[in-house]
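Enquirer: Input final37.cif, format and content: mmCIF, C-alpha atoms and all ligand atoms.
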```cif
data_query
#
loop_
_atom_site.label_atom_id
_atom_site.label_comp_id
_atom_site.auth_asym_id
_atom_site.auth_seq_id
_atom_site.Cartn_x
_atom_site.Cartn_y
_atom_site.Cartn_z
CA MET A 1 -4.74 7.14 -28.88
CA LYS A 2 -6.75 4.30 -27.36
CA SER A 3 -5.03 2.37 -24.55
CA VAL A 4 -5.40 -1.34 -23.86
CA MET A 5 -4.27 -3.05 -20.63
CA PHE A 6 -3.89 -6.86 -20.50
CA VAL A 7 -4.20 -8.34 -17.01
CA CYS A 8 -3.45 -11.80 -15.55
CA LEU A 9 -2.29 -12.99 -12.11
CA GLY A 10 1.51 -12.89 -12.21
CA ASN A 11 2.15 -10.72 -15.32
CA ILE A 12 4.84 -13.15 -16.50
CA CYS A 13 2.87 -15.51 -18.82
CA ARG A 14 -0.55 -14.64 -20.25
CA SER A 15 -0.86 -10.84 -20.08
CA PRO A 16 2.67 -10.02 -21.29
CA VAL A 17 2.14 -12.31 -24.29
CA GLY A 18 -1.19 -10.51 -24.87
CA GLU A 19 0.66 -7.20 -24.89
CA ALA A 20 3.41 -8.54 -27.20
CA VAL A 21 0.94 -10.10 -29.66
CA PHE A 22 -1.27 -6.99 -29.70
CA ARG A 23 1.79 -4.80 -30.37
CA HIS A 24 2.87 -7.15 -33.17
CA LEU A 25 -0.60 -6.96 -34.77
CA LEU A 26 -0.51 -3.15 -34.57
CA LYS A 27 2.77 -3.18 -36.50
CA GLU A 28 1.45 -5.68 -39.07
CA ARG A 29 -1.62 -3.53 -39.71
CA GLY A 30 0.16 -0.16 -39.55
CA LEU A 31 -1.95 0.94 -36.56
CA GLU A 32 0.78 1.82 -34.08
CA HIS A 33 -0.22 5.50 -34.15
CA LYS A 34 -3.75 4.68 -32.94
CA TYR A 35 -3.21 2.42 -29.92
CA THR A 36 -0.95 1.91 -26.93
CA CYS A 37 -0.84 -1.20 -24.77
CA ASP A 38 0.65 -2.50 -21.53
CA SER A 39 0.20 -5.45 -19.19
CA SER A 40 0.04 -6.07 -15.45
CA GLY A 41 -0.85 -8.69 -12.84
CA THR A 42 -3.41 -8.58 -10.05
CA SER A 43 -0.68 -9.91 -7.72
CA ALA A 44 2.76 -8.43 -7.00
CA PHE A 45 4.32 -11.94 -6.75
CA HIS A 46 6.66 -11.40 -9.68
CA ALA A 47 6.94 -7.59 -9.77
CA GLY A 48 10.09 -6.58 -11.65
CA ALA A 49 10.53 -10.02 -13.24
CA GLU A 50 10.97 -10.78 -16.93
CA PRO A 51 8.43 -13.00 -18.72
CA ASP A 52 8.51 -16.72 -17.88
CA PRO A 53 11.16 -18.27 -20.22
CA ARG A 54 8.62 -20.86 -21.42
CA MET A 55 6.27 -18.08 -22.59
CA GLY A 56 9.20 -16.14 -24.05
CA MET A 57 10.41 -19.17 -26.06
CA THR A 58 6.93 -19.85 -27.37
CA ALA A 59 6.37 -16.26 -28.53
CA GLU A 60 9.87 -16.13 -30.05
CA LYS A 61 9.08 -19.27 -32.06
CA HIS A 62 6.22 -17.33 -33.64
CA GLY A 63 8.47 -14.34 -34.39
CA ILE A 64 7.12 -12.21 -31.54
CA PRO A 65 9.67 -10.83 -29.10
CA MET A 66 8.59 -10.25 -25.49
CA ASP A 67 10.10 -7.37 -23.55
CA HIS A 68 8.32 -6.57 -20.32
CA SER A 69 9.00 -6.12 -16.64
CA ALA A 70 6.16 -7.42 -14.44
CA GLN A 71 4.07 -4.86 -12.55
CA GLN A 72 0.98 -4.99 -10.37
CA PHE A 73 -2.35 -3.69 -11.68
CA THR A 74 -3.26 -0.44 -9.88
CA LYS A 75 -6.22 1.87 -9.40
CA SER A 76 -4.53 4.39 -11.75
CA HIS A 77 -4.36 1.73 -14.45
CA TYR A 78 -8.06 1.06 -13.91
CA GLU A 79 -8.89 4.76 -14.22
CA ASP A 80 -6.50 5.66 -17.03
CA PHE A 81 -6.71 2.80 -19.56
CA ASP A 82 -9.59 2.78 -22.03
CA VAL A 83 -9.94 -0.99 -22.32
CA ILE A 84 -8.93 -3.68 -19.82
CA MET A 85 -8.65 -7.35 -20.79
CA ALA A 86 -8.84 -10.04 -18.10
CA MET A 87 -7.49 -13.52 -18.85
CA ASP A 88 -9.72 -15.41 -16.41
CA GLN A 89 -12.68 -14.94 -14.06
CA SER A 90 -10.46 -14.56 -11.04
CA ASN A 91 -8.51 -11.74 -12.74
CA TYR A 92 -11.84 -10.12 -13.68
CA GLN A 93 -13.12 -10.19 -10.08
CA ASN A 94 -9.81 -8.87 -8.73
CA ILE A 95 -9.71 -6.04 -11.29
CA ILE A 96 -13.16 -4.75 -10.39
CA LYS A 97 -12.28 -4.89 -6.66
CA VAL A 98 -9.49 -2.33 -7.21
CA SER A 99 -12.04 0.51 -7.36
CA GLN A 100 -15.58 0.95 -6.05
CA ASN A 101 -16.33 3.19 -9.04
CA HIS A 102 -18.93 1.12 -10.90
CA LYS A 103 -18.74 3.44 -13.88
CA LEU A 104 -15.36 1.89 -14.73
CA ARG A 105 -16.72 -1.65 -15.09
CA PRO A 106 -17.85 -1.56 -18.71
CA LYS A 107 -14.27 -1.15 -19.84
CA VAL A 108 -13.30 -4.52 -18.33
CA HIS A 109 -13.69 -7.51 -20.65
CA MET A 110 -12.69 -11.15 -20.72
CA LEU A 111 -10.15 -11.52 -23.55
CA ARG A 112 -11.88 -14.67 -24.83
CA GLU A 113 -15.05 -12.66 -25.44
CA PHE A 114 -13.13 -12.02 -28.68
CA ASP A 115 -11.99 -15.61 -29.36
CA PRO A 116 -13.94 -16.89 -32.39
CA GLN A 117 -13.31 -20.44 -31.15
CA ALA A 118 -14.41 -19.94 -27.52
CA ALA A 119 -17.43 -21.93 -26.39
CA SER A 120 -18.83 -18.98 -24.40
CA ALA A 121 -18.13 -15.28 -23.76
CA ASP A 122 -16.86 -16.03 -20.25
CA ALA A 123 -14.27 -18.56 -21.45
CA GLU A 124 -10.85 -18.23 -19.83
CA VAL A 125 -7.26 -18.17 -21.03
CA PRO A 126 -5.99 -21.15 -19.00
CA ASP A 127 -3.16 -20.51 -16.53
CA PRO A 128 -0.11 -22.36 -17.94
CA TYR A 129 2.27 -21.67 -15.01
CA TYR A 130 1.92 -24.93 -13.07
CA LYS A 131 1.24 -27.14 -16.07
CA GLY A 132 4.94 -27.16 -16.89
CA GLY A 133 4.91 -28.43 -20.48
CA LEU A 134 5.41 -26.16 -23.46
CA GLU A 135 2.09 -27.39 -24.96
CA ALA A 136 0.23 -25.32 -22.36
CA PHE A 137 2.17 -22.21 -23.42
CA GLU A 138 1.53 -22.92 -27.09
CA GLU A 139 -2.20 -23.20 -26.34
CA VAL A 140 -2.10 -19.83 -24.53
CA TYR A 141 -0.30 -18.27 -27.50
CA GLU A 142 -2.89 -19.58 -30.00
CA ILE A 143 -5.84 -18.39 -27.90
CA VAL A 144 -4.28 -14.98 -27.30
CA HIS A 145 -3.37 -14.51 -30.96
CA ARG A 146 -6.89 -15.36 -32.22
CA SER A 147 -8.49 -13.17 -29.55
CA CYS A 148 -6.23 -10.15 -30.07
CA ASN A 149 -6.86 -10.26 -33.81
CA LYS A 150 -10.62 -10.07 -33.26
CA LEU A 151 -10.22 -7.51 -30.49
CA LEU A 152 -8.37 -5.25 -32.90
CA ASP A 153 -11.08 -5.76 -35.55
CA GLU A 154 -13.71 -4.71 -32.99
CA LEU A 155 -11.70 -1.70 -31.83
CA GLU A 156 -11.25 -0.60 -35.42
CA ALA A 157 -14.98 -1.04 -36.04
CA GLY A 158 -15.62 1.28 -33.06
CA ASN A 159 -17.38 -1.45 -31.10
CA LEU A 160 -15.52 -0.84 -27.84
P1 LIG A 201 0.26 -15.54 -15.36
O1 LIG A 201 0.78 -16.96 -14.76
O2 LIG A 201 -0.81 -15.07 -14.42
O3 LIG A 201 -0.26 -15.90 -16.71
O4 LIG A 201 1.47 -14.63 -15.39
C1 LIG A 201 1.14 -17.15 -13.44
C2 LIG A 201 2.39 -16.77 -13.02
C3 LIG A 201 2.77 -17.00 -11.71
C4 LIG A 201 1.87 -17.58 -10.83
C5 LIG A 201 0.62 -17.96 -11.25
C6 LIG A 201 0.24 -17.74 -12.57
N1 LIG A 201 2.29 -17.83 -9.47
O5 LIG A 201 1.46 -18.37 -8.70
O6 LIG A 201 3.41 -17.51 -9.09
#
```
Rewrite the structure from the file as structure tokens, please.

Expert:
Amino acid sequence: MKSVMFVCLGNICRSPVGEAVFRHLLKERGLEHKYTCDSSGTSAFHAGAEPDPRMGMTAEKHGIPMDHSAQQFTKSHYEDFDVIMAMDQSNYQNIIKVSQNHKLRPKVHMLREFDPQAASADAEVPDPYYKGGLEAFEEVYEIVHRSCNKLLDELEAGNL
């Protein structure tokens, strides 16, 4: 089984929707026996909390249930997961600070590396938390869905 960890800051908006969408795609494609996934945040601000209701409503609208309890990204996660997906540059920098082991770095990617509509490989999934409106959450959902689809294509092709 290959394991994929989605990481954002609070683990209540972007990374738990990444996990939920990826799990949904695994079901759709009959690939649940090949992959596991989880999500976490580089901060412990919201540890133990459920997903932000705005993100939950948005995912629900697209038929994707979210069921996650926020947790902080740890050194064990860094060592144990096969693939780690950062939502933005700040997440990426904070992930690689968790261990001095440089050999682990190649497994860390920006999720939008896999977004066919991203302008560049270092494009970010924008943080919707302080934007307030549901449009920001819808935009996150669309980006995450496109990117996870391509990510799964690449995993299946053996490209990471
Ligand atoms: P997330 O969004 O990183 O996508 O879960 C945020 C959630 C909470 C905060 C910031 C971003 N916060 O500052 O509390």

Enquirer: State, in Å with one decimal place, the distance from atom CA of Ser90 of chain A to atom CA of Pro116 of chain A.

Expert: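 Straight-line distance from atom CA of Ser90 of chain A to atom CA of Pro116 of chain A works out to 21.8 Å.
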
Enquirer: Neighbours of Met55 of chain A within 10 Å (all atoms listed in the file; same-chain residues fewer than 4 positions away dropped), as number ranges by chain?

Expert: A: 12-14, 16-17, 51, 59-61, 66, 128-129, 134, 136-138, 140-141

Enquirer: If the box runs along x, y and z of the file and leaves 3 Å on each side of ligand LIG 201 (chain A), what are its centre and edge lengths in Å, one decimal, as lines of an AutoDock Vina configuration file?

Expert:
```
center_x = 1.3
center_y = -16.5
center_z = -12.7
size_x = 10.2
size_y = 9.7
size_z = 14.0
```

Enquirer: Which one of A:Thr58, A:Gln71, A:Ser3, A:Asn94 sits closest to Val21 of chain A if you count all atoms listed in the file?

Expert: A:Thr58

Enquirer: Which of these, A:Met87, A:Ala44, A:Leu160, A:Val108, has the shortest distance to Glu124 of chain A once you count all atoms listed in the file?

Expert: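 Ranking A:Met87, A:Ala44, A:Leu160, A:Val108 by distance to Glu124 of chain A, first place goes to A:Met87.
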
Enquirer: With distances taken over all atoms listed in the file, which of A:Leu155, A:Leu104, A:Val4, A:Ala123 is nearest to Asp88 of chain A?

Expert: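 Answer, going by the shortest atom-to-atom distance: A:Ala123.
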
Enquirer: Can you pull out the residues contacting Ser40 of chain A? Cut-off 6 Å, using only C-alpha atoms, and skip same-chain residues under 5 positions away; I want them as a VMD selection string.

Expert: chain A and resid 7 11 71 to 73

Enquirer: Distance atom CA of Thr74 of chain A-atom CA of Met57 of chain A, one decimal place?

Expert: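 Result for atom CA of Thr74 of chain A versus atom CA of Met57 of chain A: 28.3 Å, one decimal.
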
Enquirer: Write out as number ranges by chain the residues lying within 7 Å of Arg112 of chain A, counting all atoms listed in the file and excluding same-chain residues fewer than 3 positions away.

Expert: A: 115, 118, 121-125, 147

Enquirer: How many Å lie between atom CA of His77 of chain A and atom CA of Glu28 of chain A, rounded to one decimal?

Expert: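 Going from atom CA of His77 of chain A over to atom CA of Glu28 of chain A, I get 26.4 Å.
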
Enquirer: Taking 5 positions as the minimum chain separation for residues in the same chain, which residues sit within 10 Å of Ile96 of chain A when counting only C-alpha atoms? Answer as a list in words.

Expert: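 Non-adjacent residues within range: Lys75, Tyr78, Asn91, Asn101, His102, Leu104, Arg105 and Val108 of chain A.
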
Enquirer: Would you mind listing what lies within 7 Å of Phe6 of chain A as a PyMOL selection string, with only C-alpha atoms counted and same-chain residues fewer than 5 positions away left out?

Expert: chain A and resi 15+18-19+38-40+84-86

Enquirer: Can you write just those residues out, C-alpha atoms, as a PDB file, in the frame of the given file?

Expert:
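Dumped everything to part_16.pdb:
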```
ATOM      1  CA  SER A  15      -0.860 -10.840 -20.080  1.00  0.00           C
ATOM      2  CA  GLY A  18      -1.190 -10.510 -24.870  1.00  0.00           C
ATOM      3  CA  GLU A  19       0.660  -7.200 -24.890  1.00  0.00           C
ATOM      4  CA  ASP A  38       0.650  -2.500 -21.530  1.00  0.00           C
ATOM      5  CA  SER A  39       0.200  -5.450 -19.190  1.00  0.00           C
ATOM      6  CA  SER A  40       0.040  -6.070 -15.450  1.00  0.00           C
ATOM      7  CA  ILE A  84      -8.930  -3.680 -19.820  1.00  0.00           C
ATOM      8  CA  MET A  85      -8.650  -7.350 -20.790  1.00  0.00           C
ATOM      9  CA  ALA A  86      -8.840 -10.040 -18.100  1.00  0.00           C
TER      10      ALA A  86
END
```

Enquirer: Between A:Asp127, A:Glu135, A:Glu50, A:Asp80, which has the minimum distance to ligand LIG 201 (chain A) (counting all atoms listed in the file)?

Expert: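 Looking only at the distances to ligand LIG 201 (chain A), the closest residue turns out to be A:Asp127.
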
Enquirer: Of the candidates A:His46, A:Lys2, A:His145, A:Arg54, which shows the shortest atom-to-atom distance to Lys34 of chain A, using all atoms listed in the file?

Expert: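 Closest residue, counting all atoms listed in the file: A:Lys2.
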
Enquirer: Output file request: segment 31-66 of chain A, with N, CA, C and O atoms, as a PDB file, in the first residue's frame.

Expert:
```
ATOM      1  N   LEU A  31      -9.594   1.673  -6.363  1.00  0.00           N
ATOM      2  CA  LEU A  31      -8.171   1.575  -6.009  1.00  0.00           C
ATOM      3  C   LEU A  31      -7.921   1.612  -4.501  1.00  0.00           C
ATOM      4  O   LEU A  31      -6.783   1.813  -4.061  1.00  0.00           O
ATOM      5  N   GLU A  32      -8.993   1.393  -3.740  1.00  0.00           N
ATOM      6  CA  GLU A  32      -8.851   1.513  -2.278  1.00  0.00           C
ATOM      7  C   GLU A  32      -7.856   0.526  -1.677  1.00  0.00           C
ATOM      8  O   GLU A  32      -7.322   0.778  -0.604  1.00  0.00           O
ATOM      9  N   HIS A  33      -7.643  -0.606  -2.361  1.00  0.00           N
ATOM     10  CA  HIS A  33      -6.702  -1.610  -1.843  1.00  0.00           C
ATOM     11  C   HIS A  33      -5.243  -1.208  -2.070  1.00  0.00           C
ATOM     12  O   HIS A  33      -4.333  -1.821  -1.528  1.00  0.00           O
ATOM     13  N   LYS A  34      -5.001  -0.176  -2.880  1.00  0.00           N
ATOM     14  CA  LYS A  34      -3.617   0.183  -3.225  1.00  0.00           C
ATOM     15  C   LYS A  34      -3.052   1.383  -2.459  1.00  0.00           C
ATOM     16  O   LYS A  34      -1.840   1.590  -2.437  1.00  0.00           O
ATOM     17  N   TYR A  35      -3.957   2.216  -1.912  1.00  0.00           N
ATOM     18  CA  TYR A  35      -3.487   3.459  -1.273  1.00  0.00           C
ATOM     19  C   TYR A  35      -4.187   3.716   0.060  1.00  0.00           C
ATOM     20  O   TYR A  35      -5.353   3.371   0.224  1.00  0.00           O
ATOM     21  N   THR A  36      -3.450   4.375   0.959  1.00  0.00           N
ATOM     22  CA  THR A  36      -4.081   4.922   2.167  1.00  0.00           C
ATOM     23  C   THR A  36      -3.786   6.420   2.173  1.00  0.00           C
ATOM     24  O   THR A  36      -2.811   6.868   1.535  1.00  0.00           O
ATOM     25  N   CYS A  37      -4.617   7.179   2.865  1.00  0.00           N
ATOM     26  CA  CYS A  37      -4.323   8.614   2.961  1.00  0.00           C
ATOM     27  C   CYS A  37      -4.757   9.165   4.308  1.00  0.00           C
ATOM     28  O   CYS A  37      -5.566   8.561   5.014  1.00  0.00           O
ATOM     29  N   ASP A  38      -4.179  10.322   4.645  1.00  0.00           N
ATOM     30  CA  ASP A  38      -4.486  10.999   5.907  1.00  0.00           C
ATOM     31  C   ASP A  38      -4.182  12.480   5.685  1.00  0.00           C
ATOM     32  O   ASP A  38      -3.685  12.862   4.606  1.00  0.00           O
ATOM     33  N   SER A  39      -4.490  13.306   6.682  1.00  0.00           N
ATOM     34  CA  SER A  39      -4.131  14.721   6.568  1.00  0.00           C
ATOM     35  C   SER A  39      -3.716  15.252   7.927  1.00  0.00           C
ATOM     36  O   SER A  39      -4.041  14.669   8.967  1.00  0.00           O
ATOM     37  N   SER A  40      -2.977  16.363   7.881  1.00  0.00           N
ATOM     38  CA  SER A  40      -2.480  16.975   9.124  1.00  0.00           C
ATOM     39  C   SER A  40      -2.156  18.442   8.848  1.00  0.00           C
ATOM     40  O   SER A  40      -2.148  18.887   7.700  1.00  0.00           O
ATOM     41  N   GLY A  41      -1.868  19.176   9.945  1.00  0.00           N
ATOM     42  CA  GLY A  41      -1.529  20.596   9.831  1.00  0.00           C
ATOM     43  C   GLY A  41      -0.152  20.841  10.423  1.00  0.00           C
ATOM     44  O   GLY A  41       0.258  20.146  11.360  1.00  0.00           O
ATOM     45  N   THR A  42       0.553  21.840   9.913  1.00  0.00           N
ATOM     46  CA  THR A  42       1.871  22.132  10.484  1.00  0.00           C
ATOM     47  C   THR A  42       1.715  22.794  11.850  1.00  0.00           C
ATOM     48  O   THR A  42       2.640  22.774  12.647  1.00  0.00           O
ATOM     49  N   SER A  43       0.548  23.377  12.136  1.00  0.00           N
ATOM     50  CA  SER A  43       0.279  23.954  13.457  1.00  0.00           C
ATOM     51  C   SER A  43      -0.615  23.010  14.250  1.00  0.00           C
ATOM     52  O   SER A  43      -1.270  22.138  13.678  1.00  0.00           O
ATOM     53  N   ALA A  44      -0.659  23.240  15.576  1.00  0.00           N
ATOM     54  CA  ALA A  44      -1.570  22.465  16.439  1.00  0.00           C
ATOM     55  C   ALA A  44      -2.772  23.327  16.829  1.00  0.00           C
ATOM     56  O   ALA A  44      -3.543  22.942  17.705  1.00  0.00           O
ATOM     57  N   PHE A  45      -2.955  24.480  16.142  1.00  0.00           N
ATOM     58  CA  PHE A  45      -4.023  25.434  16.513  1.00  0.00           C
ATOM     59  C   PHE A  45      -5.375  24.759  16.714  1.00  0.00           C
ATOM     60  O   PHE A  45      -6.130  25.117  17.597  1.00  0.00           O
ATOM     61  N   HIS A  46      -5.698  23.841  15.807  1.00  0.00           N
ATOM     62  CA  HIS A  46      -7.060  23.285  15.808  1.00  0.00           C
ATOM     63  C   HIS A  46      -7.070  21.791  16.128  1.00  0.00           C
ATOM     64  O   HIS A  46      -8.042  21.105  15.818  1.00  0.00           O
ATOM     65  N   ALA A  47      -5.999  21.302  16.746  1.00  0.00           N
ATOM     66  CA  ALA A  47      -5.895  19.848  17.013  1.00  0.00           C
ATOM     67  C   ALA A  47      -7.168  19.340  17.687  1.00  0.00           C
ATOM     68  O   ALA A  47      -7.676  19.947  18.631  1.00  0.00           O
ATOM     69  N   GLY A  48      -7.697  18.255  17.171  1.00  0.00           N
ATOM     70  CA  GLY A  48      -8.913  17.644  17.721  1.00  0.00           C
ATOM     71  C   GLY A  48     -10.203  18.184  17.113  1.00  0.00           C
ATOM     72  O   GLY A  48     -11.270  17.624  17.338  1.00  0.00           O
ATOM     73  N   ALA A  49     -10.089  19.272  16.331  1.00  0.00           N
ATOM     74  CA  ALA A  49     -11.307  19.894  15.771  1.00  0.00           C
ATOM     75  C   ALA A  49     -11.784  19.199  14.500  1.00  0.00           C
ATOM     76  O   ALA A  49     -11.006  18.585  13.773  1.00  0.00           O
ATOM     77  N   GLU A  50     -13.093  19.326  14.256  1.00  0.00           N
ATOM     78  CA  GLU A  50     -13.673  18.828  13.001  1.00  0.00           C
ATOM     79  C   GLU A  50     -13.358  19.822  11.888  1.00  0.00           C
ATOM     80  O   GLU A  50     -13.008  20.970  12.151  1.00  0.00           O
ATOM     81  N   PRO A  51     -13.552  19.407  10.622  1.00  0.00           N
ATOM     82  CA  PRO A  51     -13.322  20.349   9.523  1.00  0.00           C
ATOM     83  C   PRO A  51     -14.168  21.618   9.670  1.00  0.00           C
ATOM     84  O   PRO A  51     -15.265  21.570  10.240  1.00  0.00           O
ATOM     85  N   ASP A  52     -13.650  22.726   9.155  1.00  0.00           N
ATOM     86  CA  ASP A  52     -14.395  23.992   9.123  1.00  0.00           C
ATOM     87  C   ASP A  52     -15.737  23.732   8.422  1.00  0.00           C
ATOM     88  O   ASP A  52     -15.762  23.123   7.349  1.00  0.00           O
ATOM     89  N   PRO A  53     -16.865  24.177   9.021  1.00  0.00           N
ATOM     90  CA  PRO A  53     -18.188  23.899   8.439  1.00  0.00           C
ATOM     91  C   PRO A  53     -18.330  24.404   6.996  1.00  0.00           C
ATOM     92  O   PRO A  53     -19.044  23.792   6.195  1.00  0.00           O
ATOM     93  N   ARG A  54     -17.606  25.493   6.675  1.00  0.00           N
ATOM     94  CA  ARG A  54     -17.700  26.021   5.297  1.00  0.00           C
ATOM     95  C   ARG A  54     -17.078  25.042   4.300  1.00  0.00           C
ATOM     96  O   ARG A  54     -17.575  24.833   3.197  1.00  0.00           O
ATOM     97  N   MET A  55     -15.977  24.396   4.725  1.00  0.00           N
ATOM     98  CA  MET A  55     -15.327  23.395   3.848  1.00  0.00           C
ATOM     99  C   MET A  55     -16.194  22.147   3.786  1.00  0.00           C
ATOM    100  O   MET A  55     -16.367  21.551   2.712  1.00  0.00           O
ATOM    101  N   GLY A  56     -16.757  21.762   4.944  1.00  0.00           N
ATOM    102  CA  GLY A  56     -17.619  20.589   5.008  1.00  0.00           C
ATOM    103  C   GLY A  56     -18.839  20.732   4.112  1.00  0.00           C
ATOM    104  O   GLY A  56     -19.184  19.800   3.361  1.00  0.00           O
ATOM    105  N   MET A  57     -19.472  21.916   4.135  1.00  0.00           N
ATOM    106  CA  MET A  57     -20.666  22.171   3.308  1.00  0.00           C
ATOM    107  C   MET A  57     -20.329  22.096   1.826  1.00  0.00           C
ATOM    108  O   MET A  57     -21.094  21.587   1.016  1.00  0.00           O
ATOM    109  N   THR A  58     -19.186  22.655   1.492  1.00  0.00           N
ATOM    110  CA  THR A  58     -18.761  22.686   0.087  1.00  0.00           C
ATOM    111  C   THR A  58     -18.509  21.272  -0.437  1.00  0.00           C
ATOM    112  O   THR A  58     -18.976  20.908  -1.527  1.00  0.00           O
ATOM    113  N   ALA A  59     -17.805  20.473   0.348  1.00  0.00           N
ATOM    114  CA  ALA A  59     -17.508  19.095  -0.079  1.00  0.00           C
ATOM    115  C   ALA A  59     -18.805  18.287  -0.172  1.00  0.00           C
ATOM    116  O   ALA A  59     -19.014  17.538  -1.139  1.00  0.00           O
ATOM    117  N   GLU A  60     -19.669  18.478   0.813  1.00  0.00           N
ATOM    118  CA  GLU A  60     -20.965  17.776   0.853  1.00  0.00           C
ATOM    119  C   GLU A  60     -21.771  18.066  -0.412  1.00  0.00           C
ATOM    120  O   GLU A  60     -22.381  17.175  -1.000  1.00  0.00           O
ATOM    121  N   LYS A  61     -21.754  19.324  -0.825  1.00  0.00           N
ATOM    122  CA  LYS A  61     -22.463  19.746  -2.042  1.00  0.00           C
ATOM    123  C   LYS A  61     -21.999  18.936  -3.263  1.00  0.00           C
ATOM    124  O   LYS A  61     -22.750  18.700  -4.199  1.00  0.00           O
ATOM    125  N   HIS A  62     -20.735  18.530  -3.237  1.00  0.00           N
ATOM    126  CA  HIS A  62     -20.183  17.749  -4.347  1.00  0.00           C
ATOM    127  C   HIS A  62     -20.257  16.237  -4.070  1.00  0.00           C
ATOM    128  O   HIS A  62     -19.607  15.448  -4.767  1.00  0.00           O
ATOM    129  N   GLY A  63     -21.023  15.872  -3.028  1.00  0.00           N
ATOM    130  CA  GLY A  63     -21.218  14.448  -2.734  1.00  0.00           C
ATOM    131  C   GLY A  63     -20.038  13.791  -2.040  1.00  0.00           C
ATOM    132  O   GLY A  63     -19.879  12.571  -2.096  1.00  0.00           O
ATOM    133  N   ILE A  64     -19.180  14.618  -1.407  1.00  0.00           N
ATOM    134  CA  ILE A  64     -17.995  14.062  -0.744  1.00  0.00           C
ATOM    135  C   ILE A  64     -18.063  14.368   0.753  1.00  0.00           C
ATOM    136  O   ILE A  64     -17.905  15.514   1.172  1.00  0.00           O
ATOM    137  N   PRO A  65     -18.297  13.337   1.553  1.00  0.00           N
ATOM    138  CA  PRO A  65     -18.371  13.571   3.003  1.00  0.00           C
ATOM    139  C   PRO A  65     -16.973  13.767   3.602  1.00  0.00           C
ATOM    140  O   PRO A  65     -16.010  13.150   3.141  1.00  0.00           O
ATOM    141  N   MET A  66     -16.876  14.652   4.585  1.00  0.00           N
ATOM    142  CA  MET A  66     -15.594  14.855   5.277  1.00  0.00           C
ATOM    143  C   MET A  66     -15.730  14.330   6.692  1.00  0.00           C
ATOM    144  O   MET A  66     -16.677  14.685   7.389  1.00  0.00           O
TER     145      MET A  66
END
```
